[in-house]
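Undergrad: Structure in structure tokens, see below.
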Amino acid sequence: MVKLYEKDIKTKEVTEWKGVHLFHFTSSSCSQKVRIVLNLKGIDWISHPINLLQAENYSQWYLGINPRGLLPALVHDGDVHIESNDIVGYLDDCFEIPKLIPSKQSAAVAEQLQAEDNLHLDLRTLTFGFSLPKFLTGKPPEALDALESSEGTVEGKKDSHKKVQLAFWQNLARHGITPEQATQSAERFNREFSKLESRLAGQEFLMGDDISIVDIVWFIYAHRLRSTGYRFKRLHPNLEAWYQSLLSRPEIAKEVADPAPLKVIRFLTQKYQALTNTTLEKVTGI
């Protein structure tokens, strides 16, 4: 679990905050999963929006809270937690009712969370390749310079994770999303979703009869993949029914509702791709 040491936190004012505070962005998939957990557990929290489109996550003030420049970040009674899967696990430990990580399945849950986390860059690849126009996908050079020059530490050490982030954004700026990248990412998702499809053959939720954090994290990925044109009804009918059931819950649906401008942008992007034979299905064969 990634909890920052006191010396990692450069924006010291947050260490005095009481209660639960969340730095997040409306359409950030990782922010959405944490907000859903907060809703399901009935936790009172204070909202601190960070605008990804304006690169506010690379301001020195925010990098002083999360040296990785990622969202979300949680501040609870002055302690700072980063990485969304760690945050949802932490919240389930601190606020036990309702329990979203079954005690007898903690190892299996951890395995599922790792499998989901392994696909994070693949989610970006397919989102930027098929859900958004190019003018919305890049990062300003000055924002990446701010991240690269930042000397922030995580758990008292220089953070190697920053190199992964920088490499992704720099490669995106130089080459965009290539068909090879898109195909590899789509195939990885198809393999994992096929495993989930089998799990749902005889049960309502991914870990059994009750909703769990595993359902929430995979729901978020399924929701985002739908915006890329991934064909759930054709490829994974059990997963489609599970997704629709979860989406019918108000505490979940409200956190993934796209703002009207984003709906229009995604609609026009996919119309263009359909006209030019550059849809996800055409490019990747999936």
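Naming works like this for the structure tokens: A, B, ... for the chains as they're shown, residue 1 at the start of each chain, ligands 1 onward in shown order.
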I'd like the neighbourhood of Gln181 of chain A as JSON, numbers by chain, where a residue qualifies if any of its atoms comes within 12 Å (using only C-alpha atoms), though same-chain residues fewer than 2 positions away should be ignored.
TA: {"A": [121, 122, 123, 124, 125, 126, 128, 129, 168, 171, 172, 175, 176, 177, 178, 179, 183, 184, 185, 186, 187, 188, 280, 283, 284]}
Undergrad: Hey, can you spit out that residue selection with N, CA and C atoms as a PDB file, in the first residue's frame?
TA:
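The result, written out as again24.pdb:
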```pdb
ATOM      1  N   LEU A 121      -2.039   0.929 -18.532  1.00  0.00           N
ATOM      2  CA  LEU A 121      -1.512   1.584 -19.732  1.00  0.00           C
ATOM      3  C   LEU A 121      -2.250   1.117 -20.990  1.00  0.00           C
ATOM      4  N   ASP A 122      -2.739  -0.111 -20.971  1.00  0.00           N
ATOM      5  CA  ASP A 122      -3.557  -0.583 -22.090  1.00  0.00           C
ATOM      6  C   ASP A 122      -4.870   0.192 -22.157  1.00  0.00           C
ATOM      7  N   LEU A 123      -5.424   0.532 -21.000  1.00  0.00           N
ATOM      8  CA  LEU A 123      -6.644   1.342 -20.976  1.00  0.00           C
ATOM      9  C   LEU A 123      -6.381   2.710 -21.599  1.00  0.00           C
ATOM     10  N   ARG A 124      -5.257   3.311 -21.248  1.00  0.00           N
ATOM     11  CA  ARG A 124      -4.897   4.598 -21.859  1.00  0.00           C
ATOM     12  C   ARG A 124      -4.738   4.457 -23.366  1.00  0.00           C
ATOM     13  N   THR A 125      -4.062   3.402 -23.772  1.00  0.00           N
ATOM     14  CA  THR A 125      -3.811   3.197 -25.190  1.00  0.00           C
ATOM     15  C   THR A 125      -5.113   3.150 -25.980  1.00  0.00           C
ATOM     16  N   LEU A 126      -6.075   2.376 -25.517  1.00  0.00           N
ATOM     17  CA  LEU A 126      -7.332   2.239 -26.253  1.00  0.00           C
ATOM     18  C   LEU A 126      -8.200   3.480 -26.113  1.00  0.00           C
ATOM     19  N   PHE A 128      -7.106   6.632 -25.794  1.00  0.00           N
ATOM     20  CA  PHE A 128      -6.542   7.683 -26.635  1.00  0.00           C
ATOM     21  C   PHE A 128      -6.589   7.309 -28.118  1.00  0.00           C
ATOM     22  N   GLY A 129      -6.642   6.022 -28.403  1.00  0.00           N
ATOM     23  CA  GLY A 129      -6.700   5.591 -29.785  1.00  0.00           C
ATOM     24  C   GLY A 129      -8.092   5.620 -30.388  1.00  0.00           C
ATOM     25  N   PHE A 168       5.497   6.945 -21.441  1.00  0.00           N
ATOM     26  CA  PHE A 168       4.215   6.799 -22.137  1.00  0.00           C
ATOM     27  C   PHE A 168       3.844   8.091 -22.848  1.00  0.00           C
ATOM     28  N   ASN A 171       6.217   8.969 -25.781  1.00  0.00           N
ATOM     29  CA  ASN A 171       5.994   8.093 -26.928  1.00  0.00           C
ATOM     30  C   ASN A 171       4.689   8.446 -27.634  1.00  0.00           C
ATOM     31  N   LEU A 172       3.675   8.811 -26.861  1.00  0.00           N
ATOM     32  CA  LEU A 172       2.395   9.221 -27.447  1.00  0.00           C
ATOM     33  C   LEU A 172       2.580  10.469 -28.302  1.00  0.00           C
ATOM     34  N   HIS A 175       4.661   9.295 -31.574  1.00  0.00           N
ATOM     35  CA  HIS A 175       4.158   8.279 -32.499  1.00  0.00           C
ATOM     36  C   HIS A 175       2.641   8.108 -32.487  1.00  0.00           C
ATOM     37  N   GLY A 176       1.952   8.719 -31.514  1.00  0.00           N
ATOM     38  CA  GLY A 176       0.532   8.443 -31.385  1.00  0.00           C
ATOM     39  C   GLY A 176       0.305   7.004 -30.944  1.00  0.00           C
ATOM     40  N   ILE A 177      -0.893   6.501 -31.191  1.00  0.00           N
ATOM     41  CA  ILE A 177      -1.219   5.099 -30.887  1.00  0.00           C
ATOM     42  C   ILE A 177      -1.129   4.311 -32.188  1.00  0.00           C
ATOM     43  N   THR A 178      -0.200   3.369 -32.239  1.00  0.00           N
ATOM     44  CA  THR A 178      -0.012   2.581 -33.456  1.00  0.00           C
ATOM     45  C   THR A 178      -0.998   1.409 -33.490  1.00  0.00           C
ATOM     46  N   PRO A 179      -1.301   0.897 -34.682  1.00  0.00           N
ATOM     47  CA  PRO A 179      -2.171  -0.286 -34.765  1.00  0.00           C
ATOM     48  C   PRO A 179      -1.633  -1.472 -33.973  1.00  0.00           C
ATOM     49  N   THR A 183      -3.706  -3.268 -31.018  1.00  0.00           N
ATOM     50  CA  THR A 183      -4.043  -4.693 -31.109  1.00  0.00           C
ATOM     51  C   THR A 183      -3.566  -5.445 -29.876  1.00  0.00           C
ATOM     52  N   GLN A 184      -2.344  -5.169 -29.440  1.00  0.00           N
ATOM     53  CA  GLN A 184      -1.819  -5.836 -28.250  1.00  0.00           C
ATOM     54  C   GLN A 184      -2.664  -5.514 -27.021  1.00  0.00           C
ATOM     55  N   SER A 185      -3.058  -4.242 -26.872  1.00  0.00           N
ATOM     56  CA  SER A 185      -3.863  -3.845 -25.718  1.00  0.00           C
ATOM     57  C   SER A 185      -5.249  -4.469 -25.773  1.00  0.00           C
ATOM     58  N   ALA A 186      -5.861  -4.481 -26.963  1.00  0.00           N
ATOM     59  CA  ALA A 186      -7.188  -5.085 -27.101  1.00  0.00           C
ATOM     60  C   ALA A 186      -7.151  -6.582 -26.820  1.00  0.00           C
ATOM     61  N   GLU A 187      -6.106  -7.237 -27.248  1.00  0.00           N
ATOM     62  CA  GLU A 187      -5.982  -8.680 -26.996  1.00  0.00           C
ATOM     63  C   GLU A 187      -5.811  -8.962 -25.504  1.00  0.00           C
ATOM     64  N   ARG A 188      -5.041  -8.124 -24.823  1.00  0.00           N
ATOM     65  CA  ARG A 188      -4.872  -8.326 -23.376  1.00  0.00           C
ATOM     66  C   ARG A 188      -6.199  -8.143 -22.645  1.00  0.00           C
ATOM     67  N   LEU A 280     -12.060   0.492 -33.488  1.00  0.00           N
ATOM     68  CA  LEU A 280     -11.323  -0.527 -32.718  1.00  0.00           C
ATOM     69  C   LEU A 280     -11.455  -1.891 -33.390  1.00  0.00           C
ATOM     70  N   VAL A 283      -9.395  -2.003 -36.695  1.00  0.00           N
ATOM     71  CA  VAL A 283      -7.937  -1.937 -36.512  1.00  0.00           C
ATOM     72  C   VAL A 283      -7.390  -3.175 -35.849  1.00  0.00           C
ATOM     73  N   THR A 284      -8.105  -3.690 -34.840  1.00  0.00           N
ATOM     74  CA  THR A 284      -7.564  -4.785 -34.028  1.00  0.00           C
ATOM     75  C   THR A 284      -8.161  -6.145 -34.353  1.00  0.00           C
TER      76      THR A 284
END
```
Undergrad: Could you pull out all residues of segment 42-246 of chain A with a DSSP call of helix (DSSP H, G or I) and give them as a PyMOL selection string?
TA: chain A and resi 56-58+60-63+84-94+103-117+120-130+134-136+141-149+161-175+179-199+213-226+232-235+237-246
Undergrad: Go through segment 111-206 of chain A and flag each residue having an atom no more than 7 Å from segment 226-241 of chain A; for those, report the closest pair of atoms plus their distance in Å to one decimal, using only C-alpha atoms, ordered by chain and rising number, as CSV.
TA:
```
residue,atom,partner,partner_atom,distance
A:Leu126,CA,A:Thr228,CA,6.6
A:Thr127,CA,A:Thr228,CA,6.2
A:Phe130,CA,A:Thr228,CA,4.9
A:Ser131,CA,A:Thr228,CA,4.7
A:Ser194,CA,A:His236,CA,6.8
A:Glu197,CA,A:Leu239,CA,5.5
A:Leu200,CA,A:Asn238,CA,6.1
A:Ala201,CA,A:Asn238,CA,6.6
```
Undergrad: For the selection just defined, write its residues with all heavy atoms to a file, as a PDB file, in the first residue's frame.
TA:
```pdb
ATOM      1  N   LEU A 126      -6.075   2.376 -25.517  1.00  0.00           N
ATOM      2  CA  LEU A 126      -7.332   2.239 -26.253  1.00  0.00           C
ATOM      3  C   LEU A 126      -8.200   3.480 -26.113  1.00  0.00           C
ATOM      4  O   LEU A 126      -8.898   3.867 -27.065  1.00  0.00           O
ATOM      5  CB  LEU A 126      -8.080   0.994 -25.777  1.00  0.00           C
ATOM      6  CG  LEU A 126      -7.344  -0.329 -26.031  1.00  0.00           C
ATOM      7  CD1 LEU A 126      -8.189  -1.508 -25.566  1.00  0.00           C
ATOM      8  CD2 LEU A 126      -6.971  -0.496 -27.497  1.00  0.00           C
ATOM      9  N   THR A 127      -8.165   4.135 -24.960  1.00  0.00           N
ATOM     10  CA  THR A 127      -8.913   5.380 -24.782  1.00  0.00           C
ATOM     11  C   THR A 127      -8.425   6.446 -25.756  1.00  0.00           C
ATOM     12  O   THR A 127      -9.209   7.082 -26.464  1.00  0.00           O
ATOM     13  CB  THR A 127      -8.773   5.898 -23.345  1.00  0.00           C
ATOM     14  OG1 THR A 127      -9.325   4.944 -22.433  1.00  0.00           O
ATOM     15  CG2 THR A 127      -9.517   7.217 -23.169  1.00  0.00           C
ATOM     16  N   PHE A 130      -9.143   5.406 -29.542  1.00  0.00           N
ATOM     17  CA  PHE A 130     -10.471   5.178 -30.118  1.00  0.00           C
ATOM     18  C   PHE A 130     -11.616   5.922 -29.432  1.00  0.00           C
ATOM     19  O   PHE A 130     -12.745   5.858 -29.906  1.00  0.00           O
ATOM     20  CB  PHE A 130     -10.775   3.679 -30.110  1.00  0.00           C
ATOM     21  CG  PHE A 130      -9.768   2.876 -30.866  1.00  0.00           C
ATOM     22  CD1 PHE A 130      -8.716   2.255 -30.213  1.00  0.00           C
ATOM     23  CD2 PHE A 130      -9.832   2.782 -32.247  1.00  0.00           C
ATOM     24  CE1 PHE A 130      -7.757   1.532 -30.908  1.00  0.00           C
ATOM     25  CE2 PHE A 130      -8.891   2.067 -32.959  1.00  0.00           C
ATOM     26  CZ  PHE A 130      -7.840   1.441 -32.291  1.00  0.00           C
ATOM     27  N   SER A 131     -11.347   6.630 -28.339  1.00  0.00           N
ATOM     28  CA  SER A 131     -12.428   7.285 -27.617  1.00  0.00           C
ATOM     29  C   SER A 131     -12.339   8.800 -27.648  1.00  0.00           C
ATOM     30  O   SER A 131     -13.343   9.482 -27.446  1.00  0.00           O
ATOM     31  CB  SER A 131     -12.427   6.812 -26.154  1.00  0.00           C
ATOM     32  OG  SER A 131     -13.477   7.396 -25.433  1.00  0.00           O
ATOM     33  N   SER A 194     -12.481 -12.379 -20.917  1.00  0.00           N
ATOM     34  CA  SER A 194     -12.955 -13.747 -21.127  1.00  0.00           C
ATOM     35  C   SER A 194     -12.912 -14.546 -19.824  1.00  0.00           C
ATOM     36  O   SER A 194     -13.791 -15.381 -19.564  1.00  0.00           O
ATOM     37  CB  SER A 194     -12.122 -14.436 -22.210  1.00  0.00           C
ATOM     38  OG  SER A 194     -12.316 -13.806 -23.462  1.00  0.00           O
ATOM     39  N   GLU A 197     -15.848 -13.385 -17.866  1.00  0.00           N
ATOM     40  CA  GLU A 197     -17.057 -13.962 -18.462  1.00  0.00           C
ATOM     41  C   GLU A 197     -17.324 -15.351 -17.881  1.00  0.00           C
ATOM     42  O   GLU A 197     -18.475 -15.684 -17.540  1.00  0.00           O
ATOM     43  CB  GLU A 197     -16.883 -14.040 -19.988  1.00  0.00           C
ATOM     44  CG  GLU A 197     -18.010 -14.708 -20.732  1.00  0.00           C
ATOM     45  CD  GLU A 197     -19.213 -13.805 -20.891  1.00  0.00           C
ATOM     46  OE1 GLU A 197     -19.177 -12.640 -20.445  1.00  0.00           O
ATOM     47  OE2 GLU A 197     -20.230 -14.281 -21.454  1.00  0.00           O
ATOM     48  N   LEU A 200     -18.718 -15.287 -14.318  1.00  0.00           N
ATOM     49  CA  LEU A 200     -20.104 -14.847 -14.194  1.00  0.00           C
ATOM     50  C   LEU A 200     -21.107 -15.853 -14.750  1.00  0.00           C
ATOM     51  O   LEU A 200     -22.308 -15.594 -14.754  1.00  0.00           O
ATOM     52  CB  LEU A 200     -20.272 -13.497 -14.907  1.00  0.00           C
ATOM     53  CG  LEU A 200     -19.558 -12.321 -14.237  1.00  0.00           C
ATOM     54  CD1 LEU A 200     -19.538 -11.101 -15.159  1.00  0.00           C
ATOM     55  CD2 LEU A 200     -20.209 -11.979 -12.902  1.00  0.00           C
ATOM     56  N   ALA A 201     -20.629 -16.994 -15.197  1.00  0.00           N
ATOM     57  CA  ALA A 201     -21.531 -18.006 -15.767  1.00  0.00           C
ATOM     58  C   ALA A 201     -22.515 -18.537 -14.734  1.00  0.00           C
ATOM     59  O   ALA A 201     -23.639 -18.887 -15.068  1.00  0.00           O
ATOM     60  CB  ALA A 201     -20.724 -19.143 -16.370  1.00  0.00           C
TER      61      ALA A 201
END
```
Undergrad: Do you know which residues are at most 7 Å from segment 215-218 of chain A counting only C-alpha atoms, after dropping those on the same chain fewer than 4 positions away, and could you put them as a list in words?
TA: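 Here the answer would be Lys33, Glu116, Phe205, Leu206, Ile211 and Ala222 of chain A.
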Undergrad: Within 12 Å of segment 250-264 of chain A, which residues of segment 123-144 of chain A come that close, and what is the closest atom pair and distance in Å for each? Count only C-alpha atoms and give it as CSV.
TA:
```
residue,atom,partner,partner_atom,distance
A:Ser131,CA,A:Leu262,CA,9.9
A:Leu132,CA,A:Leu262,CA,8.8
A:Pro133,CA,A:Leu262,CA,10.7
A:Leu136,CA,A:Leu262,CA,10.6
```
Undergrad: Could you pull out the strand (DSSP E or B) residues of segment 52-238 of chain A, going by DSSP on the backbone, and write them as a list in words?
TA: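 Answer for segment 52-238 of chain A, restricted to strand (DSSP E or B): Ala73, Leu74, Val75, His76, Asp79, Val80, His81, Ile82, Thr153, Val154, Lys157, Lys158, Phe205 and Gly208 of chain A.
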Undergrad: Write the selection just made, keeping C-alpha atoms, as a PDB file, in the first residue's frame?
TA:
```pdb
ATOM      1  CA  ALA A  73      -4.976  11.105  -4.097  1.00  0.00           C
ATOM      2  CA  LEU A  74      -6.600  10.636  -0.699  1.00  0.00           C
ATOM      3  CA  VAL A  75      -5.860  12.645   2.420  1.00  0.00           C
ATOM      4  CA  HIS A  76      -7.278  11.119   5.591  1.00  0.00           C
ATOM      5  CA  ASP A  79      -2.070  11.078   5.907  1.00  0.00           C
ATOM      6  CA  VAL A  80      -1.652  10.949   2.123  1.00  0.00           C
ATOM      7  CA  HIS A  81      -2.444   7.806   0.140  1.00  0.00           C
ATOM      8  CA  ILE A  82      -1.874   7.409  -3.601  1.00  0.00           C
ATOM      9  CA  THR A 153       9.925  10.936  -3.418  1.00  0.00           C
ATOM     10  CA  VAL A 154       7.537   8.073  -2.685  1.00  0.00           C
ATOM     11  CA  LYS A 157      12.806   6.944  -2.239  1.00  0.00           C
ATOM     12  CA  LYS A 158      13.255   8.318  -5.740  1.00  0.00           C
ATOM     13  CA  PHE A 205     -20.884 -10.928  -8.935  1.00  0.00           C
ATOM     14  CA  GLY A 208     -19.697 -14.639  -5.488  1.00  0.00           C
TER      15      GLY A 208
END
```
Undergrad: Find the spatial neighbours of segment 95-101 of chain A, counting only C-alpha atoms, within a cut-off of 6 Å - ignore same-chain residues fewer than 5 positions away - and output them as an NGL selection string.
TA: :A and (41 or 212-213)
Undergrad: Residues near segment 9-18 of chain A, anyone? I mean within 7 Å using only C-alpha atoms, not counting same-chain ones fewer than 6 positions away, as a count of residues only.
TA: 7
Undergrad: When you draw a straight line from atom CA of Glu148 of chain A to atom CA of Leu166 of chain A, how long is it in Å?
TA: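 Going from atom CA of Glu148 of chain A over to atom CA of Leu166 of chain A, I get 7.3 Å.
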